[in-house]
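Raw contents of final.pdb, PDB, C-alpha atoms:
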```pdb
ATOM      1  CA  MET A   1    -190.767  77.640 130.986
ATOM      2  CA  ASP A   2    -192.027  78.022 127.407
ATOM      3  CA  GLU A   3    -191.535  81.636 126.392
ATOM      4  CA  VAL A   4    -188.786  80.748 123.876
ATOM      5  CA  PRO A   5    -189.506  77.424 122.127
ATOM      6  CA  GLY A   6    -186.355  75.391 121.681
ATOM      7  CA  SER A   7    -184.372  76.978 124.491
ATOM      8  CA  LEU A   8    -182.892  75.047 127.408
ATOM      9  CA  GLY A   9    -185.353  72.959 129.388
ATOM     10  CA  THR A  10    -188.213  72.725 126.860
ATOM     11  CA  SER A  11    -189.523  69.705 125.018
ATOM     12  CA  THR A  12    -188.537  71.259 121.655
ATOM     13  CA  SER A  13    -184.973  71.547 122.919
ATOM     14  CA  PHE A  14    -185.150  67.893 123.979
ATOM     15  CA  SER A  15    -186.217  66.918 120.445
ATOM     16  CA  LEU A  16    -183.409  69.015 118.918
ATOM     17  CA  ARG A  17    -180.792  67.411 121.172
ATOM     18  CA  LEU A  18    -182.147  63.950 120.462
ATOM     19  CA  GLY A  19    -181.997  64.680 116.721
ATOM     20  CA  GLN A  20    -178.401  65.898 117.029
ATOM     21  CA  THR A  21    -177.411  62.745 118.903
ATOM     22  CA  ILE A  22    -179.094  60.456 116.360
ATOM     23  CA  PHE A  23    -177.684  62.211 113.285
ATOM     24  CA  SER A  24    -174.175  62.427 114.774
ATOM     25  CA  ALA A  25    -174.242  58.749 115.708
ATOM     26  CA  ALA A  26    -175.473  57.850 112.215
ATOM     27  CA  SER A  27    -172.713  59.952 110.655
ATOM     28  CA  LEU A  28    -170.101  58.295 112.868
ATOM     29  CA  LEU A  29    -171.366  54.786 112.132
ATOM     30  CA  PHE A  30    -171.625  55.278 108.366
ATOM     31  CA  MET A  31    -168.095  56.687 108.329
ATOM     32  CA  SER A  32    -166.369  54.227 110.624
ATOM     33  CA  LEU A  33    -167.965  50.804 110.101
ATOM     34  CA  GLY A  34    -166.230  48.773 107.416
ATOM     35  CA  VAL A  35    -164.737  51.756 105.586
ATOM     36  CA  GLU A  36    -161.077  52.713 105.611
ATOM     37  CA  PHE A  37    -161.673  56.222 106.861
ATOM     38  CA  TYR A  38    -158.336  56.637 108.633
ATOM     39  CA  SER A  39    -156.408  57.087 105.383
ATOM     40  CA  TYR A  40    -157.953  60.538 104.833
ATOM     41  CA  THR A  41    -157.436  63.441 107.222
ATOM     42  CA  ALA A  42    -160.863  64.946 106.567
ATOM     43  CA  PHE A  43    -162.640  61.723 107.442
ATOM     44  CA  CYS A  44    -160.629  61.283 110.659
ATOM     45  CA  TYR A  45    -161.566  64.857 111.559
ATOM     46  CA  LEU A  46    -165.260  64.112 111.001
ATOM     47  CA  VAL A  47    -165.050  61.033 113.225
ATOM     48  CA  THR A  48    -163.294  63.045 115.958
ATOM     49  CA  ILE A  49    -165.859  65.851 115.892
ATOM     50  CA  MET A  50    -168.791  63.440 115.869
ATOM     51  CA  GLY A  51    -167.184  61.730 118.871
ATOM     52  CA  LEU A  52    -167.327  65.114 120.641
ATOM     53  CA  VAL A  53    -170.856  66.041 119.524
ATOM     54  CA  ILE A  54    -172.507  62.782 120.584
ATOM     55  CA  PRO A  55    -171.709  62.977 124.351
ATOM     56  CA  TRP A  56    -172.405  66.743 124.427
ATOM     57  CA  SER A  57    -175.831  66.442 122.782
ATOM     58  CA  PHE A  58    -176.726  63.307 124.702
ATOM     59  CA  THR A  59    -175.920  64.924 128.056
ATOM     60  CA  LEU A  60    -177.978  68.003 127.181
ATOM     61  CA  ALA A  61    -180.830  65.769 125.982
ATOM     62  CA  LEU A  62    -180.796  64.088 129.407
ATOM     63  CA  VAL A  63    -180.774  67.485 131.142
ATOM     64  CA  ASP A  64    -183.693  68.707 129.000
ATOM     65  CA  GLY A  65    -185.638  65.511 129.556
ATOM     66  CA  TYR A  66    -185.113  65.829 133.307
ATOM     67  CA  ALA A  67    -186.200  69.490 133.265
ATOM     68  CA  VAL A  68    -189.340  68.658 131.258
ATOM     69  CA  LEU A  69    -190.315  65.728 133.471
ATOM     70  CA  VAL A  70    -189.618  67.302 136.865
ATOM     71  CA  LYS A  71    -190.734  70.768 135.652
ATOM     72  CA  CYS A  72    -187.870  72.470 137.450
ATOM     73  CA  SER A  73    -186.041  75.418 135.920
ATOM     74  CA  ILE A  74    -182.353  74.870 135.300
ATOM     75  CA  ARG A  75    -181.843  78.265 133.698
ATOM     76  CA  GLN A  76    -178.986  80.211 135.208
ATOM     77  CA  PRO A  77    -176.985  82.722 133.157
ATOM     78  CA  GLY A  78    -173.665  80.992 133.890
ATOM     79  CA  ILE A  79    -174.823  77.537 132.810
ATOM     80  CA  LEU A  80    -176.615  78.945 129.769
ATOM     81  CA  LEU A  81    -173.505  80.841 128.695
ATOM     82  CA  ILE A  82    -171.379  77.684 128.860
ATOM     83  CA  ILE A  83    -173.999  75.789 126.839
ATOM     84  CA  ILE A  84    -174.220  78.559 124.225
ATOM     85  CA  VAL A  85    -170.439  78.765 123.803
ATOM     86  CA  GLY A  86    -170.182  74.968 123.579
ATOM     87  CA  ASP A  87    -172.996  74.836 121.038
ATOM     88  CA  TRP A  88    -171.441  77.511 118.852
ATOM     89  CA  VAL A  89    -167.974  75.954 118.922
ATOM     90  CA  LEU A  90    -169.330  72.481 118.164
ATOM     91  CA  SER A  91    -171.614  73.743 115.398
ATOM     92  CA  VAL A  92    -168.713  75.536 113.693
ATOM     93  CA  LEU A  93    -166.547  72.410 114.000
ATOM     94  CA  THR A  94    -169.368  70.203 112.689
ATOM     95  CA  LEU A  95    -169.878  72.458 109.680
ATOM     96  CA  ALA A  96    -166.143  72.421 108.996
ATOM     97  CA  ALA A  97    -166.027  68.615 109.230
ATOM     98  CA  ALA A  98    -169.066  68.156 106.986
ATOM     99  CA  CYS A  99    -167.703  70.532 104.322
ATOM    100  CA  SER A 100    -164.278  68.892 104.380
ATOM    101  CA  THR A 101    -165.826  65.452 103.968
ATOM    102  CA  VAL A 102    -168.066  66.559 101.119
ATOM    103  CA  SER A 103    -165.239  68.236  99.239
ATOM    104  CA  VAL A 104    -162.904  65.239  99.618
ATOM    105  CA  VAL A 105    -165.665  62.840  98.476
ATOM    106  CA  ASP A 106    -166.383  65.085  95.516
ATOM    107  CA  PHE A 107    -162.683  65.160  94.681
ATOM    108  CA  LEU A 108    -162.418  61.363  94.955
ATOM    109  CA  LEU A 109    -165.330  61.025  92.536
ATOM    110  CA  GLN A 110    -163.734  63.368  89.993
ATOM    111  CA  CYS A 111    -160.207  62.002  90.293
ATOM    112  CA  ASN A 112    -159.467  59.288  87.687
ATOM    113  CA  ASN A 113    -163.194  58.913  86.976
ATOM    114  CA  GLY A 114    -163.808  57.598  90.467
ATOM    115  CA  ALA A 115    -161.089  54.928  90.486
ATOM    116  CA  TYR A 116    -160.178  55.853  94.062
ATOM    117  CA  CYS A 117    -163.755  55.645  95.214
ATOM    118  CA  PRO A 118    -165.754  52.436  94.753
ATOM    119  CA  PRO A 119    -169.512  53.223  94.679
ATOM    120  CA  LYS A 120    -170.127  51.170  97.818
ATOM    121  CA  PHE A 121    -167.682  53.254  99.872
ATOM    122  CA  CYS A 122    -168.407  56.602  98.263
ATOM    123  CA  SER A 123    -172.140  56.477  98.910
ATOM    124  CA  ARG A 124    -171.415  55.753 102.580
ATOM    125  CA  TYR A 125    -169.089  58.756 102.794
ATOM    126  CA  GLN A 126    -171.805  60.905 101.218
ATOM    127  CA  ILE A 127    -174.507  59.654 103.603
ATOM    128  CA  SER A 128    -172.158  60.298 106.512
ATOM    129  CA  ALA A 129    -171.549  63.880 105.339
ATOM    130  CA  ALA A 130    -175.292  64.450 104.859
ATOM    131  CA  MET A 131    -175.952  63.243 108.418
ATOM    132  CA  ALA A 132    -173.246  65.608 109.689
ATOM    133  CA  PHE A 133    -174.955  68.506 107.869
ATOM    134  CA  LEU A 134    -178.302  67.651 109.459
ATOM    135  CA  SER A 135    -176.621  67.470 112.859
ATOM    136  CA  TRP A 136    -175.081  70.906 112.195
ATOM    137  CA  LEU A 137    -178.487  72.407 111.290
ATOM    138  CA  LEU A 138    -180.063  71.162 114.535
ATOM    139  CA  SER A 139    -177.044  72.297 116.538
ATOM    140  CA  LEU A 140    -177.270  75.773 114.990
ATOM    141  CA  ALA A 141    -180.975  75.924 115.849
ATOM    142  CA  SER A 142    -180.240  75.053 119.494
ATOM    143  CA  ALA A 143    -177.470  77.646 119.670
ATOM    144  CA  LEU A 144    -179.693  80.390 118.167
ATOM    145  CA  PHE A 145    -182.647  79.648 120.462
ATOM    146  CA  ASN A 146    -180.412  79.701 123.548
ATOM    147  CA  LEU A 147    -178.668  82.879 122.409
ATOM    148  CA  TRP A 148    -182.109  84.479 121.993
ATOM    149  CA  LEU A 149    -182.981  83.511 125.569
ATOM    150  CA  LEU A 150    -179.774  84.864 127.117
ATOM    151  CA  PRO A 151    -180.639  88.629 127.321
ATOM    152  CA  SER A 152    -183.930  87.872 129.123
ATOM    153  CA  LEU A 153    -182.148  86.161 132.052
TER     154      LEU A 153
ATOM    155  CA  MET B   1    -172.935 105.966 118.290
ATOM    156  CA  ASP B   2    -170.331 104.064 120.288
ATOM    157  CA  GLU B   3    -172.100 101.934 122.895
ATOM    158  CA  VAL B   4    -171.251  98.659 121.126
ATOM    159  CA  PRO B   5    -167.791  98.747 119.550
ATOM    160  CA  GLY B   6    -167.741  97.033 116.164
ATOM    161  CA  SER B   7    -171.434  97.418 115.399
ATOM    162  CA  LEU B   8    -172.804  99.188 112.318
ATOM    163  CA  GLY B   9    -171.620 102.762 111.858
ATOM    164  CA  THR B  10    -168.519 102.738 114.085
ATOM    165  CA  SER B  11    -164.880 103.045 113.131
ATOM    166  CA  THR B  12    -164.169  99.521 114.476
ATOM    167  CA  SER B  13    -166.833  98.191 112.139
ATOM    168  CA  PHE B  14    -165.202 100.106 109.298
ATOM    169  CA  SER B  15    -161.857  98.421 110.096
ATOM    170  CA  LEU B  16    -163.504  94.981 110.249
ATOM    171  CA  ARG B  17    -165.197  95.499 106.874
ATOM    172  CA  LEU B  18    -161.976  96.770 105.341
ATOM    173  CA  GLY B  19    -160.131  93.722 106.701
ATOM    174  CA  GLN B  20    -162.769  91.402 105.248
ATOM    175  CA  THR B  21    -162.497  93.056 101.852
ATOM    176  CA  ILE B  22    -158.691  92.869 101.833
ATOM    177  CA  PHE B  23    -158.487  89.234 102.975
ATOM    178  CA  SER B  24    -161.222  88.125 100.579
ATOM    179  CA  ALA B  25    -159.547  89.899  97.688
ATOM    180  CA  ALA B  26    -156.193  88.333  98.627
ATOM    181  CA  SER B  27    -157.802  84.894  98.803
ATOM    182  CA  LEU B  28    -159.435  85.389  95.405
ATOM    183  CA  LEU B  29    -156.215  86.636  93.795
ATOM    184  CA  PHE B  30    -154.015  83.874  95.222
ATOM    185  CA  MET B  31    -156.530  81.288  94.027
ATOM    186  CA  SER B  32    -157.312  82.626  90.588
ATOM    187  CA  LEU B  33    -154.127  84.197  89.181
ATOM    188  CA  GLY B  34    -152.037  81.730  87.212
ATOM    189  CA  VAL B  35    -153.401  78.619  88.911
ATOM    190  CA  GLU B  36    -155.747  76.113  87.299
ATOM    191  CA  PHE B  37    -158.380  76.399  89.982
ATOM    192  CA  TYR B  38    -161.362  75.551  87.776
ATOM    193  CA  SER B  39    -160.511  71.847  87.665
ATOM    194  CA  TYR B  40    -161.505  71.397  91.316
ATOM    195  CA  THR B  41    -165.039  72.010  92.540
ATOM    196  CA  ALA B  42    -163.926  73.194  95.989
ATOM    197  CA  PHE B  43    -161.644  75.868  94.516
ATOM    198  CA  CYS B  44    -164.373  77.112  92.167
ATOM    199  CA  TYR B  45    -166.684  77.323  95.172
ATOM    200  CA  LEU B  46    -164.111  79.389  97.086
ATOM    201  CA  VAL B  47    -163.739  81.782  94.160
ATOM    202  CA  THR B  48    -167.535  82.133  93.874
ATOM    203  CA  ILE B  49    -167.993  82.855  97.582
ATOM    204  CA  MET B  50    -165.109  85.336  97.651
ATOM    205  CA  GLY B  51    -166.725  87.027  94.660
ATOM    206  CA  LEU B  52    -169.835  87.469  96.815
ATOM    207  CA  VAL B  53    -168.028  88.555  99.989
ATOM    208  CA  ILE B  54    -165.921  91.280  98.362
ATOM    209  CA  PRO B  55    -168.810  93.508  97.109
ATOM    210  CA  TRP B  56    -170.820  92.908 100.311
ATOM    211  CA  SER B  57    -167.975  93.890 102.640
ATOM    212  CA  PHE B  58    -166.842  96.744 100.430
ATOM    213  CA  THR B  59    -170.343  98.260 100.297
ATOM    214  CA  LEU B  60    -170.698  98.023 104.073
ATOM    215  CA  ALA B  61    -167.221  99.524 104.517
ATOM    216  CA  LEU B  62    -168.366 102.505 102.421
ATOM    217  CA  VAL B  63    -171.569 102.798 104.495
ATOM    218  CA  ASP B  64    -169.570 102.674 107.746
ATOM    219  CA  GLY B  65    -167.039 105.176 106.470
ATOM    220  CA  TYR B  66    -169.851 107.531 105.474
ATOM    221  CA  ALA B  67    -171.548 107.136 108.873
ATOM    222  CA  VAL B  68    -168.277 107.831 110.717
ATOM    223  CA  LEU B  69    -167.417 110.886 108.615
ATOM    224  CA  VAL B  70    -170.871 112.497 108.531
ATOM    225  CA  LYS B  71    -171.704 111.309 112.089
ATOM    226  CA  CYS B  72    -175.238 110.380 111.096
ATOM    227  CA  SER B  73    -176.956 107.306 112.502
ATOM    228  CA  ILE B  74    -177.964 104.716 109.933
ATOM    229  CA  ARG B  75    -179.258 102.267 112.490
ATOM    230  CA  GLN B  76    -182.760 101.069 111.784
ATOM    231  CA  PRO B  77    -183.945  97.608 112.896
ATOM    232  CA  GLY B  78    -184.928  96.591 109.342
ATOM    233  CA  ILE B  79    -181.580  97.500 107.780
ATOM    234  CA  LEU B  80    -179.659  95.975 110.683
ATOM    235  CA  LEU B  81    -181.619  92.713 110.386
ATOM    236  CA  ILE B  82    -180.800  92.434 106.671
ATOM    237  CA  ILE B  83    -177.120  93.097 107.413
ATOM    238  CA  ILE B  84    -177.056  90.514 110.231
ATOM    239  CA  VAL B  85    -178.717  87.826 108.094
ATOM    240  CA  GLY B  86    -176.381  88.586 105.193
ATOM    241  CA  ASP B  87    -173.349  88.487 107.467
ATOM    242  CA  TRP B  88    -174.336  85.155 108.992
ATOM    243  CA  VAL B  89    -175.075  83.529 105.631
ATOM    244  CA  LEU B  90    -171.846  84.792 104.120
ATOM    245  CA  SER B  91    -169.762  83.801 107.147
ATOM    246  CA  VAL B  92    -171.173  80.243 107.051
ATOM    247  CA  LEU B  93    -170.479  80.048 103.306
ATOM    248  CA  THR B  94    -166.964  81.433 103.779
ATOM    249  CA  LEU B  95    -166.194  78.883 106.485
ATOM    250  CA  ALA B  96    -167.517  76.095 104.268
ATOM    251  CA  ALA B  97    -165.406  77.282 101.332
ATOM    252  CA  ALA B  98    -162.247  77.609 103.443
ATOM    253  CA  CYS B  99    -162.674  74.141 104.979
ATOM    254  CA  SER B 100    -163.335  72.559 101.597
ATOM    255  CA  THR B 101    -160.240  74.186 100.135
ATOM    256  CA  VAL B 102    -158.045  73.132 103.042
ATOM    257  CA  SER B 103    -159.223  69.530 102.935
ATOM    258  CA  VAL B 104    -158.740  69.246  99.171
ATOM    259  CA  VAL B 105    -155.248  70.771  99.412
ATOM    260  CA  ASP B 106    -154.397  68.387 102.230
ATOM    261  CA  PHE B 107    -155.677  65.496 100.154
ATOM    262  CA  LEU B 108    -153.653  66.626  97.121
ATOM    263  CA  LEU B 109    -150.534  66.723  99.279
ATOM    264  CA  GLN B 110    -151.117  63.195 100.599
ATOM    265  CA  CYS B 111    -152.148  61.634  97.279
ATOM    266  CA  ASN B 112    -149.192  60.029  95.440
ATOM    267  CA  ASN B 113    -146.732  61.900  97.682
ATOM    268  CA  GLY B 114    -147.840  65.220  96.270
ATOM    269  CA  ALA B 115    -147.522  64.340  92.592
ATOM    270  CA  TYR B 116    -150.772  66.152  91.834
ATOM    271  CA  CYS B 117    -149.673  69.241  93.661
ATOM    272  CA  PRO B 118    -146.464  71.059  92.658
ATOM    273  CA  PRO B 119    -145.114  73.064  95.637
ATOM    274  CA  LYS B 120    -145.548  76.346  93.783
ATOM    275  CA  PHE B 121    -149.271  75.771  93.281
ATOM    276  CA  CYS B 122    -149.961  74.084  96.593
ATOM    277  CA  SER B 123    -148.535  76.874  98.715
ATOM    278  CA  ARG B 124    -150.741  79.333  96.832
ATOM    279  CA  TYR B 125    -153.817  77.223  97.530
ATOM    280  CA  GLN B 126    -152.854  77.124 101.205
ATOM    281  CA  ILE B 127    -152.329  80.883 101.428
ATOM    282  CA  SER B 128    -155.672  81.403  99.728
ATOM    283  CA  ALA B 129    -157.415  79.151 102.250
ATOM    284  CA  ALA B 130    -155.689  80.923 105.160
ATOM    285  CA  MET B 131    -156.887  84.288 103.829
ATOM    286  CA  ALA B 132    -160.418  82.896 103.561
ATOM    287  CA  PHE B 133    -160.224  81.779 107.206
ATOM    288  CA  LEU B 134    -159.118  85.255 108.309
ATOM    289  CA  SER B 135    -161.956  86.780 106.297
ATOM    290  CA  TRP B 136    -164.363  84.357 108.029
ATOM    291  CA  LEU B 137    -163.094  85.368 111.494
ATOM    292  CA  LEU B 138    -163.633  89.071 110.790
ATOM    293  CA  SER B 139    -167.033  88.380 109.239
ATOM    294  CA  LEU B 140    -168.068  86.389 112.315
ATOM    295  CA  ALA B 141    -166.934  89.250 114.560
ATOM    296  CA  SER B 142    -169.060  91.728 112.579
ATOM    297  CA  ALA B 143    -172.069  89.441 112.706
ATOM    298  CA  LEU B 144    -171.744  88.918 116.483
ATOM    299  CA  PHE B 145    -171.338  92.631 117.251
ATOM    300  CA  ASN B 146    -174.382  93.522 115.138
ATOM    301  CA  LEU B 147    -176.439  90.705 116.661
ATOM    302  CA  TRP B 148    -175.519  92.066 120.109
ATOM    303  CA  LEU B 149    -176.775  95.514 119.075
ATOM    304  CA  LEU B 150    -180.125  94.278 117.673
ATOM    305  CA  PRO B 151    -182.123  93.897 120.945
ATOM    306  CA  SER B 152    -181.247  97.454 122.019
ATOM    307  CA  LEU B 153    -182.888  99.008 118.943
TER     308      LEU B 153
END
```
When written as structure tokens, how does the structure in this file appear?
Amino acid sequence: MDEVPGSLGTSTSFSLRLGQTIFSAASLLFMSLGVEFYSYTAFCYLVTIMGLVIPWSFTLALVDGYAVLVKCSIRQPGILLIIIVGDWVLSVLTLAAACSTVSVVDFLLQCNNGAYCPPKFCSRYQISAAMAFLSWLLSLASALFNLWLLPSL
Amino acid sequence: MDEVPGSLGTSTSFSLRLGQTIFSAASLLFMSLGVEFYSYTAFCYLVTIMGLVIPWSFTLALVDGYAVLVKCSIRQPGILLIIIVGDWVLSVLTLAAACSTVSVVDFLLQCNNGAYCPPKFCSRYQISAAMAFLSWLLSLASALFNLWLLPSL
């Protein structure tokens, strides 16, 4: 069960998935609560992607937790392949969303000396983008660990 | 020499590298010639990254071309690992640059009904971002093919 740390069904993988869920939820909350995010395409995109990442990571966290507790192996090449493809697609989309958000926030800060971006809102956008980056890093780690495991199955 | 199409030292790899070089150069030229790109951070970032991708892809295209012509194998695990890491880092950076550019262009188009973005300039920014996306796709393909080859060495 523990030849590749971080791959499907290990406690490290459970921690990674839990971290992804927490960071994605934080990013979503910072972006959507009390801020007019829907007037910018990039911010709407971030909210959409985070809304996809949260259920995906949470489900896989549950699966990992179950596998760790019951000590049963859920590793089958077909399932692992689906998880790897999903992880890669979501990590690319998360990176794209985080970069778009950062560049729009940066542009808002430059434009008219920040007249479009009150400090209270802008710092929340920045925190949201930072959380999305952290979620991307953890998602990339999960994808790499699982990809490493695939040839041995 | 041809068990994995697209990996280091094959003619498919040579085509991929050539495509990356051409698309990156097109993206750089569309962004930098006659357009005031240096007033936006995201556009400067795109130009910087394209300036990194062009020599990298061009060098590897030369290496692949040499390997195809002379039919000598240049595959050693150490060299391949460096190329894979470089490809992954550059493809992530290229994706980030392309997404940033697209989101800033989209924002410029929305803001004040496009007053900040004359059609002549904006279409060039968009073409540049599209070229960067194509360069990212080819770079990702190269990285995946080489990663697939690594365990067999």
Show me a table, sorted first by chain and then by increasing residue number, of the residues of chain A having an atom at most 8 Å from chain B, each with its shortest atom pair and the distance in Å to one decimal, counting all atoms listed in the file and written as JSON lines.
```
{"residue": "A:Tyr40", "atom": "CA", "partner": "B:Phe107", "partner_atom": "CA", "distance": 7.2}
{"residue": "A:Thr41", "atom": "CA", "partner": "B:Phe107", "partner_atom": "CA", "distance": 7.6}
{"residue": "A:Ala42", "atom": "CA", "partner": "B:Ser103", "partner_atom": "CA", "distance": 6.1}
{"residue": "A:Leu95", "atom": "CA", "partner": "B:Ala96", "partner_atom": "CA", "distance": 6.9}
{"residue": "A:Ala96", "atom": "CA", "partner": "B:Cys99", "partner_atom": "CA", "distance": 5.6}
{"residue": "A:Ala97", "atom": "CA", "partner": "B:Cys99", "partner_atom": "CA", "distance": 7.7}
{"residue": "A:Cys99", "atom": "CA", "partner": "B:Ser100", "partner_atom": "CA", "distance": 5.5}
{"residue": "A:Ser100", "atom": "CA", "partner": "B:Ser100", "partner_atom": "CA", "distance": 4.7}
{"residue": "A:Thr101", "atom": "CA", "partner": "B:Ser103", "partner_atom": "CA", "distance": 7.8}
{"residue": "A:Val102", "atom": "CA", "partner": "B:Ser100", "partner_atom": "CA", "distance": 7.7}
{"residue": "A:Ser103", "atom": "CA", "partner": "B:Ser100", "partner_atom": "CA", "distance": 5.3}
{"residue": "A:Val104", "atom": "CA", "partner": "B:Val104", "partner_atom": "CA", "distance": 5.8}
{"residue": "A:Asp106", "atom": "CA", "partner": "B:Thr41", "partner_atom": "CA", "distance": 7.7}
{"residue": "A:Phe107", "atom": "CA", "partner": "B:Tyr40", "partner_atom": "CA", "distance": 7.2}
```
For the residues in that selection, give me C-alpha atoms as a PDB file, keeping the file's coordinate frame.
```
ATOM      1  CA  TYR A  40    -157.953  60.538 104.833  1.00  0.00           C
ATOM      2  CA  THR A  41    -157.436  63.441 107.222  1.00  0.00           C
ATOM      3  CA  ALA A  42    -160.863  64.946 106.567  1.00  0.00           C
ATOM      4  CA  LEU A  95    -169.878  72.458 109.680  1.00  0.00           C
ATOM      5  CA  ALA A  96    -166.143  72.421 108.996  1.00  0.00           C
ATOM      6  CA  ALA A  97    -166.027  68.615 109.230  1.00  0.00           C
ATOM      7  CA  CYS A  99    -167.703  70.532 104.322  1.00  0.00           C
ATOM      8  CA  SER A 100    -164.278  68.892 104.380  1.00  0.00           C
ATOM      9  CA  THR A 101    -165.826  65.452 103.968  1.00  0.00           C
ATOM     10  CA  VAL A 102    -168.066  66.559 101.119  1.00  0.00           C
ATOM     11  CA  SER A 103    -165.239  68.236  99.239  1.00  0.00           C
ATOM     12  CA  VAL A 104    -162.904  65.239  99.618  1.00  0.00           C
ATOM     13  CA  ASP A 106    -166.383  65.085  95.516  1.00  0.00           C
ATOM     14  CA  PHE A 107    -162.683  65.160  94.681  1.00  0.00           C
TER      15      PHE A 107
END
```
- Compile the contact shell of region 47-60 of chain B as a ChimeraX atom specification: residues with an atom at most 6 Å away, counting only C-alpha atoms, same-chain residues fewer than 4 positions apart removed. /B:17,21,24,28
- Task: Please indicate the distance in Å from CA of Ser7 (chain A) to CA of Val70 (chain A), rounded to one decimal place.
- Result: 16.6 Å
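Using only C-alpha atoms for every distance, the candidate list B:Ile74, B:Leu16, B:Val63, B:Leu33 yields B:Leu16 as the residue closest to Leu137 (chain B).
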- What gap, in Å, lies between CA of Leu8 (chain A) and CA of Cys72 (chain A)?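 Computed distance, CA of Leu8 (chain A) to CA of Cys72 (chain A), equals 11.5 Å.
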- For CA of Ser128 (chain B) and CA of Phe30 (chain B), determine how far apart the two atoms are, in Å to one decimal place.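 Computed distance, CA of Ser128 (chain B) to CA of Phe30 (chain B), equals 5.4 Å.
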- Pick from A:Leu46, A:Arg75, A:Gly6, A:Phe145, whichever lies nearest to Ala25 (chain A) using all atoms listed in the file: A:Leu46
- Message: Nearest residue to Asp87 (chain B) out of B:Ser139, B:Gln20, B:Thr10, B:Ser15, using all atoms listed in the file?
- Response: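 Going through B:Ser139, B:Gln20, B:Thr10, B:Ser15 one by one, the smallest distance to Asp87 (chain B) is for B:Ser139.
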With the file shown as input, list the residues that the PyMOL selection byres ((chain B and resi 131) around 7) selects, as an mmCIF file with C-alpha atoms, in the frame of the given file.
```
data_model
loop_
_atom_site.group_PDB
_atom_site.id
_atom_site.type_symbol
_atom_site.label_atom_id
_atom_site.label_comp_id
_atom_site.auth_asym_id
_atom_site.auth_seq_id
_atom_site.Cartn_x
_atom_site.Cartn_y
_atom_site.Cartn_z
ATOM 1 C CA PHE B 23 -158.487 89.234 102.975
ATOM 2 C CA SER B 24 -161.222 88.125 100.579
ATOM 3 C CA ALA B 26 -156.193 88.333 98.627
ATOM 4 C CA SER B 27 -157.802 84.894 98.803
ATOM 5 C CA ILE B 127 -152.329 80.883 101.428
ATOM 6 C CA SER B 128 -155.672 81.403 99.728
ATOM 7 C CA ALA B 129 -157.415 79.151 102.250
ATOM 8 C CA ALA B 130 -155.689 80.923 105.160
ATOM 9 C CA ALA B 132 -160.418 82.896 103.561
ATOM 10 C CA PHE B 133 -160.224 81.779 107.206
ATOM 11 C CA LEU B 134 -159.118 85.255 108.309
ATOM 12 C CA SER B 135 -161.956 86.780 106.297
#
```
